[in-house]
Structure formats: C-alpha cells, structure tokens
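Shown next: final35.cif, given as mmCIF, C-alpha atoms.
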data_structure
#
loop_
_atom_site.label_atom_id
_atom_site.label_comp_id
_atom_site.auth_asym_id
_atom_site.auth_seq_id
_atom_site.Cartn_x
_atom_site.Cartn_y
_atom_site.Cartn_z
CA MET A 101 -5.98 32.27 11.05
CA THR A 102 -7.05 35.31 13.03
CA SER A 103 -8.91 34.93 16.28
CA GLN A 104 -11.93 36.48 14.60
CA ASN A 105 -12.01 33.70 12.03
CA ALA A 106 -11.39 31.12 14.68
CA GLU A 107 -14.62 32.11 16.35
CA LYS A 108 -16.60 31.70 13.17
CA THR A 109 -15.24 28.43 11.86
CA PRO A 110 -13.87 25.40 13.65
CA THR A 111 -10.14 24.89 13.21
CA PRO A 112 -9.71 22.77 10.09
CA ALA A 113 -8.02 19.41 10.48
CA PRO A 114 -4.34 19.71 9.62
CA ALA A 115 -3.45 18.54 6.11
CA PRO A 116 -2.21 14.97 6.01
CA LEU A 117 1.50 14.83 6.70
CA ASP A 118 2.08 13.37 3.25
CA ALA A 119 0.65 16.47 1.58
CA ARG A 120 2.85 18.70 3.71
CA LEU A 121 6.05 16.79 2.92
CA ASP A 122 5.67 15.59 -0.68
CA PRO A 123 7.63 18.14 -2.74
CA LEU A 124 5.30 17.85 -5.72
CA GLN A 125 2.27 18.66 -3.60
CA VAL A 126 4.16 21.51 -2.00
CA ALA A 127 4.95 22.83 -5.50
CA GLU A 128 1.30 22.64 -6.55
CA ARG A 129 0.20 24.40 -3.37
CA TRP A 130 2.73 27.18 -3.89
CA LEU A 131 1.64 27.60 -7.52
CA GLN A 132 -1.93 27.97 -6.34
CA GLU A 133 -0.70 30.75 -4.07
CA GLY A 134 0.68 32.54 -7.13
CA ARG A 135 4.32 31.81 -6.43
CA ILE A 136 6.82 30.96 -9.17
CA VAL A 137 8.28 27.56 -8.52
CA ALA A 138 11.33 25.52 -9.53
CA LEU A 139 12.07 21.89 -8.80
CA ALA A 140 15.59 20.64 -8.09
CA THR A 141 16.02 16.87 -8.36
CA VAL A 142 18.95 14.60 -7.54
CA ILE A 143 19.51 12.71 -10.82
CA ALA A 144 22.77 10.89 -10.06
CA THR A 145 24.97 10.17 -7.06
CA TRP A 146 28.49 8.82 -6.60
CA GLY A 147 30.05 7.66 -3.35
CA SER A 148 28.47 8.44 -0.01
CA SER A 149 25.92 11.02 -0.99
CA PRO A 150 23.37 11.77 1.68
CA ARG A 151 20.18 11.78 -0.37
CA PRO A 152 19.11 9.23 -2.98
CA VAL A 153 18.32 9.82 -6.64
CA GLY A 154 14.86 11.34 -6.97
CA SER A 155 15.18 13.52 -3.85
CA ARG A 156 13.70 16.94 -4.43
CA LEU A 157 13.84 20.52 -3.35
CA VAL A 158 11.03 22.95 -4.17
CA ILE A 159 12.10 26.59 -4.47
CA ASP A 160 10.12 29.78 -5.04
CA GLN A 161 11.16 33.13 -6.47
CA ASP A 162 12.05 34.46 -3.01
CA GLY A 163 14.30 31.53 -2.18
CA CYS A 164 11.85 29.82 0.15
CA PHE A 165 12.38 26.09 -0.09
CA GLU A 166 11.00 22.77 1.10
CA GLY A 167 12.52 19.29 0.83
CA SER A 168 16.19 18.38 0.50
CA VAL A 169 18.82 17.25 -1.97
CA SER A 170 21.66 16.76 0.50
CA GLY A 171 22.25 16.78 4.21
CA GLY A 172 22.03 20.55 4.03
CA CYS A 173 25.48 21.03 2.52
CA ILE A 174 24.51 22.32 -0.92
CA GLU A 175 20.94 23.51 -0.46
CA GLY A 176 22.06 27.16 -0.33
CA ALA A 177 23.85 26.89 -3.67
CA VAL A 178 20.99 24.94 -5.27
CA VAL A 179 18.50 27.56 -4.12
CA ALA A 180 20.64 30.32 -5.67
CA GLU A 181 20.84 28.44 -9.00
CA SER A 182 17.12 27.71 -8.86
CA ILE A 183 16.33 31.39 -8.54
CA GLU A 184 18.30 31.87 -11.78
CA THR A 185 16.21 29.19 -13.46
CA ILE A 186 13.05 30.86 -12.15
CA ARG A 187 14.30 34.11 -13.73
CA ASP A 188 15.42 32.86 -17.13
CA GLY A 189 13.38 29.67 -17.49
CA ARG A 190 16.43 27.65 -18.50
CA PRO A 191 16.85 24.22 -16.92
CA ARG A 192 20.22 23.57 -15.32
CA THR A 193 22.18 20.42 -14.55
CA LEU A 194 24.81 20.90 -11.86
CA ASP A 195 27.49 18.77 -10.24
CA TYR A 196 28.43 19.08 -6.61
CA GLY A 197 31.18 17.25 -4.77
CA VAL A 198 34.30 17.71 -2.69
CA SER A 199 36.34 18.07 -5.87
CA ASN A 200 34.47 21.29 -6.49
CA GLU A 201 36.76 24.30 -6.22
CA ARG A 202 34.41 25.87 -3.74
CA ALA A 203 34.39 22.63 -1.78
CA TRP A 204 33.77 24.02 1.66
CA GLU A 205 31.40 26.58 0.38
CA VAL A 206 29.07 24.43 -1.65
CA GLY A 207 30.57 20.95 -1.46
CA LEU A 208 29.66 17.74 0.27
CA THR A 209 31.84 17.11 3.28
CA CYS A 210 30.95 13.41 3.13
CA GLY A 211 33.12 12.95 0.04
CA GLY A 212 30.28 12.04 -2.29
CA ARG A 213 29.14 13.67 -5.50
CA VAL A 214 25.65 14.51 -6.64
CA GLN A 215 24.20 15.75 -9.88
CA ILE A 216 21.17 18.01 -9.62
CA HIS A 217 18.69 18.99 -12.33
CA ILE A 218 16.77 22.23 -11.88
CA GLU A 219 13.63 23.07 -13.87
CA ARG A 220 10.97 25.74 -13.63
CA ILE A 221 7.32 24.74 -13.52
CA GLU A 222 5.58 26.37 -16.46
CA GLY A 223 2.00 27.70 -16.40
CA MET B 72 8.07 20.89 -16.15
CA LYS B 73 4.58 21.75 -17.32
CA ARG B 74 2.04 22.29 -14.60
CA SER B 75 -0.16 19.65 -16.25
CA CYS B 76 2.70 17.19 -15.77
CA LEU B 77 3.04 18.15 -12.10
CA ARG B 78 -0.68 17.57 -11.62
CA GLU B 79 -0.55 14.25 -13.43
CA LEU B 80 2.28 13.10 -11.15
CA ILE B 81 0.31 14.13 -8.06
CA GLU B 82 -2.77 12.30 -9.36
CA ALA B 83 -0.74 9.19 -10.11
CA ARG B 84 0.58 9.19 -6.57
CA ALA B 85 -2.92 9.55 -5.14
CA GLY B 86 -4.14 6.78 -7.44
CA ARG B 87 -1.22 4.57 -6.37
CA ARG B 88 0.18 4.19 -9.88
CA SER B 89 3.87 3.52 -10.43
CA LEU B 90 5.50 5.26 -13.37
CA THR B 91 8.68 6.50 -14.96
CA LEU B 92 8.99 10.22 -15.64
CA ILE B 93 11.18 10.83 -18.70
CA THR B 94 12.89 14.23 -18.62
CA ALA B 95 15.06 15.70 -21.35
CA LEU B 96 17.73 17.47 -19.32
CA ALA B 97 18.30 20.06 -22.02
CA GLY B 98 14.77 21.34 -22.15
CA ASP B 99 11.05 21.18 -21.99
CA ARG B 100 10.29 17.67 -23.10
CA GLN B 101 8.83 15.29 -20.56
CA TRP B 102 6.76 12.13 -20.78
CA ILE B 103 5.16 9.73 -18.35
CA GLU B 104 5.34 5.97 -18.82
CA TYR B 105 2.93 4.10 -16.55
CA GLU B 106 3.54 0.71 -15.05
CA GLU B 107 0.17 -0.53 -16.28
CA ALA B 108 1.50 -0.28 -19.82
CA LEU B 109 4.42 -2.54 -19.01
CA PRO B 110 4.58 -5.76 -20.99
CA GLY B 111 3.06 -8.57 -18.99
CA PHE B 112 1.71 -6.28 -16.30
CA GLU B 113 -1.88 -7.14 -17.18
CA PRO B 114 -2.10 -10.92 -16.93
CA SER B 115 -5.36 -10.99 -18.86
CA ASP B 116 -3.62 -9.59 -21.90
CA PRO B 117 -0.31 -11.43 -22.42
CA LYS B 118 0.13 -9.88 -25.85
CA ALA B 119 0.24 -6.39 -24.40
CA SER B 120 4.00 -6.33 -24.87
CA THR B 121 3.73 -5.61 -28.57
CA SER B 122 0.31 -4.07 -28.99
CA ASP B 123 0.45 -1.42 -26.29
CA LEU B 124 3.59 0.11 -27.72
CA ALA B 125 1.54 1.31 -30.63
CA GLU B 126 -0.97 3.04 -28.40
CA ASP B 127 -0.76 6.71 -27.69
CA PRO B 128 1.68 7.20 -24.86
CA SER B 129 0.91 9.58 -22.09
CA ASP B 130 2.41 12.68 -23.61
CA VAL B 131 2.55 15.58 -21.26
CA LEU B 132 3.22 18.14 -23.93
CA GLY B 133 0.35 16.86 -26.02
CA SER B 134 2.34 16.90 -29.25
CA LEU B 135 5.15 14.43 -29.73
CA SER B 136 5.49 10.93 -28.34
CA ALA B 137 8.65 9.85 -26.59
CA PRO B 138 10.90 7.99 -29.02
CA MET B 139 10.44 4.26 -28.67
CA PRO B 140 13.96 3.53 -27.33
CA LEU B 141 13.28 6.02 -24.54
CA ARG B 142 9.99 4.35 -23.71
CA ARG B 143 11.68 0.96 -23.62
CA ALA B 144 14.42 2.30 -21.34
CA ALA B 145 11.75 3.87 -19.11
CA ARG B 146 10.00 0.52 -18.80
CA GLU B 147 13.25 -1.25 -18.01
CA ALA B 148 14.04 1.29 -15.31
CA LEU B 149 10.58 0.73 -13.82
CA LEU B 150 11.02 -3.05 -13.84
CA ARG B 151 14.41 -2.71 -12.14
CA GLY B 152 12.99 -0.12 -9.77
CA LYS B 153 15.95 2.17 -10.34
CA SER B 154 16.04 5.75 -11.62
CA GLU B 155 18.90 6.52 -13.96
CA ARG B 156 20.36 8.83 -16.53
CA PHE B 157 20.04 7.68 -20.11
CA GLU B 158 21.75 8.84 -23.27
CA TYR B 159 19.79 8.72 -26.51
CA GLU B 160 21.08 10.11 -29.80
CA GLY B 161 23.65 12.19 -27.99
CA GLU B 162 21.07 13.72 -25.65
CA ALA B 163 20.84 13.23 -21.89
CA PHE B 164 17.59 12.12 -20.28
CA PHE B 165 16.64 11.33 -16.72
CA LEU B 166 14.41 8.32 -16.21
CA GLU B 167 12.84 8.75 -12.81
CA VAL B 168 11.02 5.79 -11.33
CA MET B 169 8.25 7.07 -9.09
CA HIS B 170 6.28 4.85 -6.77
CA PRO B 171 3.27 5.71 -4.63
CA PRO B 172 3.98 6.02 -0.92
CA LEU B 173 4.28 2.93 1.22
CA ARG B 174 1.10 2.16 3.10
CA LEU B 175 0.56 0.94 6.61
CA PHE B 176 -2.66 -0.62 7.82
CA VAL B 177 -2.79 -0.57 11.61
CA ILE B 178 -5.42 -2.66 13.33
CA GLY B 179 -6.16 -1.54 16.87
CA ALA B 180 -6.38 2.14 17.84
CA VAL B 181 -4.54 1.38 21.07
CA HIS B 182 -1.93 3.31 23.02
CA ILE B 183 1.00 2.03 20.94
CA ALA B 184 -0.84 3.10 17.80
CA GLN B 185 -0.74 6.68 19.07
CA SER B 186 3.05 6.53 18.80
CA LEU B 187 3.26 4.23 15.78
CA VAL B 188 0.91 6.19 13.51
CA PRO B 189 2.77 9.52 13.59
CA MET B 190 6.16 7.80 13.38
CA ALA B 191 5.12 5.86 10.28
CA ALA B 192 3.65 9.03 8.78
CA LEU B 193 6.97 10.79 9.29
CA LEU B 194 8.69 7.95 7.44
CA GLY B 195 6.37 8.71 4.52
CA TYR B 196 3.81 5.97 5.05
CA GLU B 197 0.15 6.56 4.27
CA VAL B 198 -1.49 5.23 7.39
CA VAL B 199 -4.91 3.60 7.64
CA LEU B 200 -6.12 2.90 11.16
CA ILE B 201 -8.83 0.34 11.74
CA ASP B 202 -10.74 -0.41 14.93
CA PRO B 203 -14.42 -1.20 15.41
CA ARG B 204 -14.39 0.22 18.94
CA ARG B 205 -15.56 3.83 18.85
CA ALA B 206 -14.07 4.56 22.24
CA PHE B 207 -10.59 3.82 20.88
CA ALA B 208 -10.89 5.02 17.30
CA THR B 209 -11.51 8.70 17.87
CA ALA B 210 -10.40 11.57 15.66
CA GLU B 211 -9.19 13.28 18.81
CA ARG B 212 -6.68 10.54 19.50
CA PHE B 213 -5.74 10.17 15.85
CA SER B 214 -5.97 13.37 13.85
CA GLY B 215 -5.14 13.55 10.16
CA VAL B 216 -5.23 9.79 9.67
CA ASP B 217 -7.51 7.62 7.53
CA LEU B 218 -9.60 6.26 10.39
CA ARG B 219 -11.94 3.36 9.65
CA ILE B 220 -14.25 2.58 12.54
CA ASP B 221 -15.23 -0.90 11.49
CA TRP B 222 -14.28 -4.56 11.73
CA PRO B 223 -11.21 -5.43 9.67
CA ASP B 224 -13.14 -7.76 7.36
CA GLU B 225 -15.40 -4.82 6.49
CA ALA B 226 -12.76 -2.09 6.44
CA LEU B 227 -9.97 -3.97 4.68
CA SER B 228 -9.78 -5.81 1.37
CA VAL B 229 -7.10 -8.07 -0.06
CA ALA B 230 -7.07 -5.98 -3.23
CA GLU B 231 -6.03 -2.73 -1.58
CA ILE B 232 -3.12 -4.34 0.26
CA ASP B 233 -0.54 -4.17 -2.52
CA SER B 234 3.14 -5.05 -2.44
CA ARG B 235 3.96 -1.59 -1.05
CA SER B 236 1.72 -2.19 1.96
CA ALA B 237 2.31 -3.38 5.51
CA VAL B 238 -0.28 -4.68 7.96
CA ILE B 239 0.20 -4.51 11.71
CA THR B 240 -2.21 -5.80 14.33
CA LEU B 241 -2.05 -4.25 17.77
CA SER B 242 -5.41 -4.93 19.38
CA HIS B 243 -4.46 -8.16 21.21
CA ASP B 244 -8.05 -9.24 20.63
CA PRO B 245 -8.37 -12.28 18.33
CA LYS B 246 -11.82 -11.11 17.27
CA ILE B 247 -10.22 -8.00 15.79
CA ASP B 248 -6.68 -9.15 14.93
CA ASP B 249 -7.37 -12.56 13.38
CA PRO B 250 -9.68 -11.39 10.57
CA ALA B 251 -7.11 -8.73 9.64
CA LEU B 252 -4.33 -11.34 9.60
CA ARG B 253 -6.41 -13.63 7.38
CA ILE B 254 -6.82 -10.80 4.87
CA ALA B 255 -3.16 -9.77 5.16
CA LEU B 256 -1.94 -13.34 4.61
CA ALA B 257 -3.97 -13.53 1.40
CA SER B 258 -2.42 -10.27 0.19
CA ARG B 259 0.94 -9.24 -1.28
CA ALA B 260 1.85 -7.19 1.81
CA PHE B 261 5.61 -6.86 2.16
CA TYR B 262 5.31 -6.90 5.94
CA ILE B 263 2.85 -8.38 8.39
CA GLY B 264 3.40 -7.90 12.11
CA SER B 265 1.44 -8.79 15.19
CA LEU B 266 1.81 -7.42 18.69
CA GLY B 267 1.85 -9.93 21.50
CA SER B 268 4.17 -12.15 23.49
CA ALA B 269 5.63 -15.40 22.18
CA ARG B 270 2.90 -17.21 24.10
CA THR B 271 0.15 -15.07 22.60
CA HIS B 272 1.65 -15.65 19.18
CA ALA B 273 1.81 -19.43 19.69
CA LYS B 274 -1.94 -19.43 20.35
CA ARG B 275 -2.47 -17.20 17.30
CA ILE B 276 -0.51 -19.67 15.15
CA GLU B 277 -2.68 -22.50 16.50
CA ARG B 278 -5.88 -20.67 15.59
CA LEU B 279 -4.73 -19.67 12.11
CA SER B 280 -3.32 -23.15 11.41
CA ALA B 281 -6.69 -24.62 12.29
CA GLN B 282 -8.16 -22.32 9.66
CA GLY B 283 -5.91 -23.79 7.00
CA PHE B 284 -2.88 -21.49 6.89
CA THR B 285 0.40 -23.31 6.27
CA PRO B 286 3.60 -22.81 8.30
CA ASP B 287 5.02 -20.91 5.30
CA ASP B 288 2.05 -18.55 5.34
CA LEU B 289 2.35 -17.99 9.06
CA ALA B 290 6.10 -17.41 8.86
CA ARG B 291 5.24 -14.12 7.12
CA ILE B 292 3.97 -12.75 10.43
CA HIS B 293 6.64 -10.87 12.36
CA ALA B 294 6.04 -11.78 15.99
CA PRO B 295 6.90 -10.81 18.58
CA ILE B 296 6.79 -7.61 16.57
CA GLY B 297 9.67 -5.16 16.18
CA LEU B 298 13.45 -5.28 16.21
CA ALA B 299 14.97 -6.47 19.50
CA ILE B 300 16.21 -3.11 20.76
CA GLY B 301 15.06 -3.63 24.32
CA ALA B 302 12.09 -1.32 23.81
CA ARG B 303 10.01 -0.35 26.83
CA GLY B 304 6.84 1.68 26.68
CA ALA B 305 4.66 2.68 23.75
CA GLY B 306 7.09 5.10 22.08
CA GLU B 307 10.05 2.73 22.10
CA ILE B 308 7.95 -0.22 20.99
CA ALA B 309 6.69 1.90 18.10
CA ALA B 310 10.33 2.74 17.27
CA ALA B 311 11.18 -0.99 17.27
CA ILE B 312 8.24 -1.64 14.94
CA VAL B 313 9.02 1.11 12.42
CA SER B 314 12.68 0.00 12.48
CA GLU B 315 11.58 -3.50 11.51
CA LEU B 316 9.38 -2.04 8.77
CA VAL B 317 12.35 -0.17 7.32
CA ALA B 318 14.68 -3.17 7.64
CA THR B 319 12.16 -5.38 5.85
CA HIS B 320 11.41 -2.88 3.11
CA ARG B 321 15.11 -2.28 2.49
CA SER B 322 16.01 -5.97 2.86
CA ALA B 323 18.58 -5.07 5.49
CA LYS B 324 20.88 -7.89 6.52
CA ASP B 325 21.32 -8.34 10.25
CA PRO B 326 19.90 -4.90 11.05
CA ILE B 327 20.52 -4.99 14.78
CA SER B 328 24.26 -5.61 14.81
CA ARG B 329 25.20 -3.38 11.93
CA LYS B 330 26.40 -0.06 13.19
CA HIS B 331 27.39 1.59 9.92
CA ARG B 332 25.81 1.76 6.54
CA SER B 333 27.91 -0.26 4.13
#

Kindly transcribe the structure held in the file into structure tokens.
Amino acid sequence: MTSQNAEKTPTPAPAPLDARLDPLQVAERWLQEGRIVALATVIATWGSSPRPVGSRLVIDQDGCFEGSVSGGCIEGAVVAESIETIRDGRPRTLDYGVSNERAWEVGLTCGGRVQIHIERIEG
Amino acid sequence: MKRSCLRELIEARAGRRSLTLITALAGDRQWIEYEEALPGFEPSDPKASTSDLAEDPSDVLGSLSAPMPLRRAAREALLRGKSERFEYEGEAFFLEVMHPPLRLFVIGAVHIAQSLVPMAALLGYEVVLIDPRRAFATAERFSGVDLRIDWPDEALSVAEIDSRSAVITLSHDPKIDDPALRIALASRAFYIGSLGSARTHAKRIERLSAQGFTPDDLARIHAPIGLAIGARGAGEIAAAIVSELVATHRSAKDPISRKHRS
C-alpha cells in the first residue's frame, strides 16, 4: 500500500493466519491474481520423512512457492518439476529419498522417502 | 485439479466438513466424498448406508461418477482418518482425507491469551476468543481473531464445539469460566483446560459437582493447565498449554519425558 492510499483508507485488518498459511487458499488467491498455479502433495512416505501425507506446496509459473513437502531438502527439485507441469499440464508423480542417485542434491538427508504428486490447477 | 474443485475444498474447510478427495494420479479425474454421506453418519437415517450410495456423488468434473469401489475405499479412509494410495483396475489413486482445522475456544481475553492466541493460530487452530469485558476483549489486543464480546453462555453453543475443538478458560472468574465449562463438558471437545492453581481447581470441582457433573465428567478438565515444563510468565505458560493441546490431540504417551519421536 502506498502512503497516498494509507491516508485515504484505514489499514485493513490482516487476513486471518489460516488464510495466509492454508495452501489451498494461497492457490486460490494466486489464481485470482492471474498467476498459473500447481499443487504438489505428499501422497506417501516411508521411514522418517519430515512432512506427513497431505502436506502441500503451492507453486506458480515463476517458481514462487508457499507451504512445504519436506524439511526444505527437496523443495527446490519439486518446484522445478512443478514448473514443468505448469508448462505442459501433465501431472507428475515423483519419488524422493536417499537412494536417489542425486541424493545430496535432491534427497532427504533424514533417510526417509516421500512420493509427491504434482498437478496444475485448470481454469 | 479443476478450479471448481479447489473452491469446493476451500468451502468445505470453511464449512467444517470432513471429506476424502479422490485423485487419479494419471490425470484429470477427481471426486469429493463427504463425511456426511458416510453410512451411519446421520443417526436419524440408519439406512443411509445403502440408499445414499445410489445418490449422485459430488462429481467435480460434472460428468462421470467415481466408481463404487473407489467411493467405498474413500469412505473407509475417512473412517480410519488416514490418507492412502489405492489401486483400482490397475490404476493408481490417492485418497486424501481432509479435515477442517482444529478449533480453539479461549475464554478470557487476559494477558496469557495474548500469547496463547497467536501460538495456537500458528499451530493451525482457528481461534475464537470470548470475554464479556470490553476493556479486555479489544481488537487492538487481539487482531485477526474471531472475538466475541459476550458471556460464554451467549457466545458459545454445545453444537459448535465438535470433536476437533478445544475449550480453554483463562479468566479466573467463576462467573465467566464456569458457564463455559458447563457448555464444554456437554460437548465433544477433545480437550478442556482451565487456568488456575490446584486450590482454585478444587473449588471449581466443588462448584461443578454441586451442579450435577460426575467425577468422570470433571476428569476431562486439564487442570492445572499445561504440561509441567516449569513455565513462568505468560509466553511460557502459553507454550505449556499449546504443548498439552498437541499431546492430547496426538495421543502422545508420556509427553514430558520423551525426548525423541519414536
């Protein structure tokens, strides 16, 4: 908000925390802003994975993201794959774990495995 | 995911409806199975188990219904409260159980509430704050929260306190706390807690017993409130309280002594 606006209208109450953190509401807000949005969801876990099934990451076409699907270990890779899904519209199901060849690059150092489903939100 | 599906999920959350989202991992088929349609969910209609299966399911794509075995699996996942992958006719589906946020009703817009409310919100709770005293219950002290400036028996109903709700009284004033506890004890709240010393709580038990509550009823009240972490001051007491909330919700065994997640 510019200072000019601030003089005209009182500062609006901040959105409830829930609306700021819930990935689905974040996705809807981004769509309203005209962004193209993908959702990445943890659909299975094995061993000591950091985030439970149902955890979500919201990603836009520029790689901005909100939420989490791990302790931060694989978010970069998931964002990159999500941008592909935003481009081609194809859903993806991906496995991440220490057994991955690129373990230190996009793996989980905790020794767990997660499966992630990525889908684009359509019109 | 269709945008209409996204919106339906957001609406369901706002309307506090539990559901299973069925997603075909290969492509653009998705359906929502609501808890209300579960067999036996509506006690007034015990035959719902067979009849409701014939009804139109909530079909996000507006064309095809989810195959019946998928709907059954979705309902089972919802009953178990566990999301899972599911194979049907050689195809992979994800059955995602989605619940509305946990809710916390705080009675008493006191100093500790100023720490407790934002902490609970950060944990994902929807917080409702109730206090009839205008001097305490100000939007300035509590921004972005559902603030109800009224007596608990006006501001709170048994019906809205569901099994994903917690009730905490902080006011120390029996005129404010006791009516809230009476409502909470009649509800399905998973957690009820009351601030006050052991002595204060003993008097509270006396009063509520005289009003007909049984020892079993009163054992639901966590008091003195919070895990015994040696908390001092409003912030630490709030931390002890939210820790107890989490431990209760997750059915943690011996939460104080356990140092590692097993």

Margin query: Evaluated on this file, the PyMOL selection byres ((chain B) within 8 of (chain A)) picks out some residues - which ones are they, written as a PyMOL selection string?
Written below: chain B and resi 72-74+77-78+80-81+96-98+154-156+165+167+192-193+195-197+214-216

For Asp217 (chain B), list every protein, DNA or RNA residue within 7 Å, evaluated using all atoms listed in the file, and leave out those in the same chain fewer than 2 positions away; present the list as a PDB file with C-alpha atoms, keeping the file's coordinate frame.
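The new file around_5.pdb reads:
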ATOM      1  CA  VAL B 198      -1.490   5.230   7.390  1.00  0.00           C
ATOM      2  CA  VAL B 199      -4.910   3.600   7.640  1.00  0.00           C
ATOM      3  CA  LEU B 200      -6.120   2.900  11.160  1.00  0.00           C
ATOM      4  CA  GLY B 215      -5.140  13.550  10.160  1.00  0.00           C
ATOM      5  CA  ARG B 219     -11.940   3.360   9.650  1.00  0.00           C
TER       6      ARG B 219
END

To verify the selection step, state as a PDB file with C-alpha atoms, in the coordinates of the input which residues the PyMOL selection byres ((chain B and resi 274-290) around 12) yields on this input.
ATOM      1  CA  THR B 240      -2.210  -5.800  14.330  1.00  0.00           C
ATOM      2  CA  HIS B 243      -4.460  -8.160  21.210  1.00  0.00           C
ATOM      3  CA  ASP B 244      -8.050  -9.240  20.630  1.00  0.00           C
ATOM      4  CA  PRO B 245      -8.370 -12.280  18.330  1.00  0.00           C
ATOM      5  CA  LYS B 246     -11.820 -11.110  17.270  1.00  0.00           C
ATOM      6  CA  ASP B 248      -6.680  -9.150  14.930  1.00  0.00           C
ATOM      7  CA  ASP B 249      -7.370 -12.560  13.380  1.00  0.00           C
ATOM      8  CA  PRO B 250      -9.680 -11.390  10.570  1.00  0.00           C
ATOM      9  CA  ALA B 251      -7.110  -8.730   9.640  1.00  0.00           C
ATOM     10  CA  LEU B 252      -4.330 -11.340   9.600  1.00  0.00           C
ATOM     11  CA  ARG B 253      -6.410 -13.630   7.380  1.00  0.00           C
ATOM     12  CA  ILE B 254      -6.820 -10.800   4.870  1.00  0.00           C
ATOM     13  CA  ALA B 255      -3.160  -9.770   5.160  1.00  0.00           C
ATOM     14  CA  LEU B 256      -1.940 -13.340   4.610  1.00  0.00           C
ATOM     15  CA  ALA B 257      -3.970 -13.530   1.400  1.00  0.00           C
ATOM     16  CA  SER B 258      -2.420 -10.270   0.190  1.00  0.00           C
ATOM     17  CA  ARG B 259       0.940  -9.240  -1.280  1.00  0.00           C
ATOM     18  CA  ALA B 260       1.850  -7.190   1.810  1.00  0.00           C
ATOM     19  CA  TYR B 262       5.310  -6.900   5.940  1.00  0.00           C
ATOM     20  CA  ILE B 263       2.850  -8.380   8.390  1.00  0.00           C
ATOM     21  CA  GLY B 264       3.400  -7.900  12.110  1.00  0.00           C
ATOM     22  CA  SER B 265       1.440  -8.790  15.190  1.00  0.00           C
ATOM     23  CA  LEU B 266       1.810  -7.420  18.690  1.00  0.00           C
ATOM     24  CA  GLY B 267       1.850  -9.930  21.500  1.00  0.00           C
ATOM     25  CA  SER B 268       4.170 -12.150  23.490  1.00  0.00           C
ATOM     26  CA  ALA B 269       5.630 -15.400  22.180  1.00  0.00           C
ATOM     27  CA  ARG B 270       2.900 -17.210  24.100  1.00  0.00           C
ATOM     28  CA  THR B 271       0.150 -15.070  22.600  1.00  0.00           C
ATOM     29  CA  HIS B 272       1.650 -15.650  19.180  1.00  0.00           C
ATOM     30  CA  ALA B 273       1.810 -19.430  19.690  1.00  0.00           C
ATOM     31  CA  ARG B 291       5.240 -14.120   7.120  1.00  0.00           C
ATOM     32  CA  ILE B 292       3.970 -12.750  10.430  1.00  0.00           C
ATOM     33  CA  HIS B 293       6.640 -10.870  12.360  1.00  0.00           C
ATOM     34  CA  ALA B 294       6.040 -11.780  15.990  1.00  0.00           C
ATOM     35  CA  PRO B 295       6.900 -10.810  18.580  1.00  0.00           C
TER      36      PRO B 295
END

*Work out how far apart CA of Ala85 (chain B) and CA of Arg129 (chain A) are and give it in Å to one decimal.*
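Computing it gives 15.3 Å between the two atoms.
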
Min atom-atom distance to Ser155 (chain A) from the set B:Leu141, B:Met169, B:Leu218, B:Ile239, counting all atoms listed in the file, belongs to B:Met169

Students should find that CA of Val179 (chain A) and CA of Leu194 (chain A) are spaced 12.0 Å

Check: What is the distance between CA of Leu175 (chain B) and CA of Leu149 (chain B), in Å to one decimal?
Finding: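 That distance, rounded to one decimal, is 22.8 Å.
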
| So which residues get picked by the PyMOL selection byres ((chain B and resi 159) around 12) here, written as a PyMOL selection string? | chain B and resi 93-96+137-145+156-158+160-166

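Nearest to Val158 (chain A) of all the residues A:Ile186, A:Val126, A:Ala180, A:Cys173 is A:Val126, based on only C-alpha atoms.
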
In terms of all atoms listed in the file, the residue from A:Asp188, A:Arg213, A:Ile183, A:Ser170 at minimal distance from Pro150 (chain A) is A:Ser170
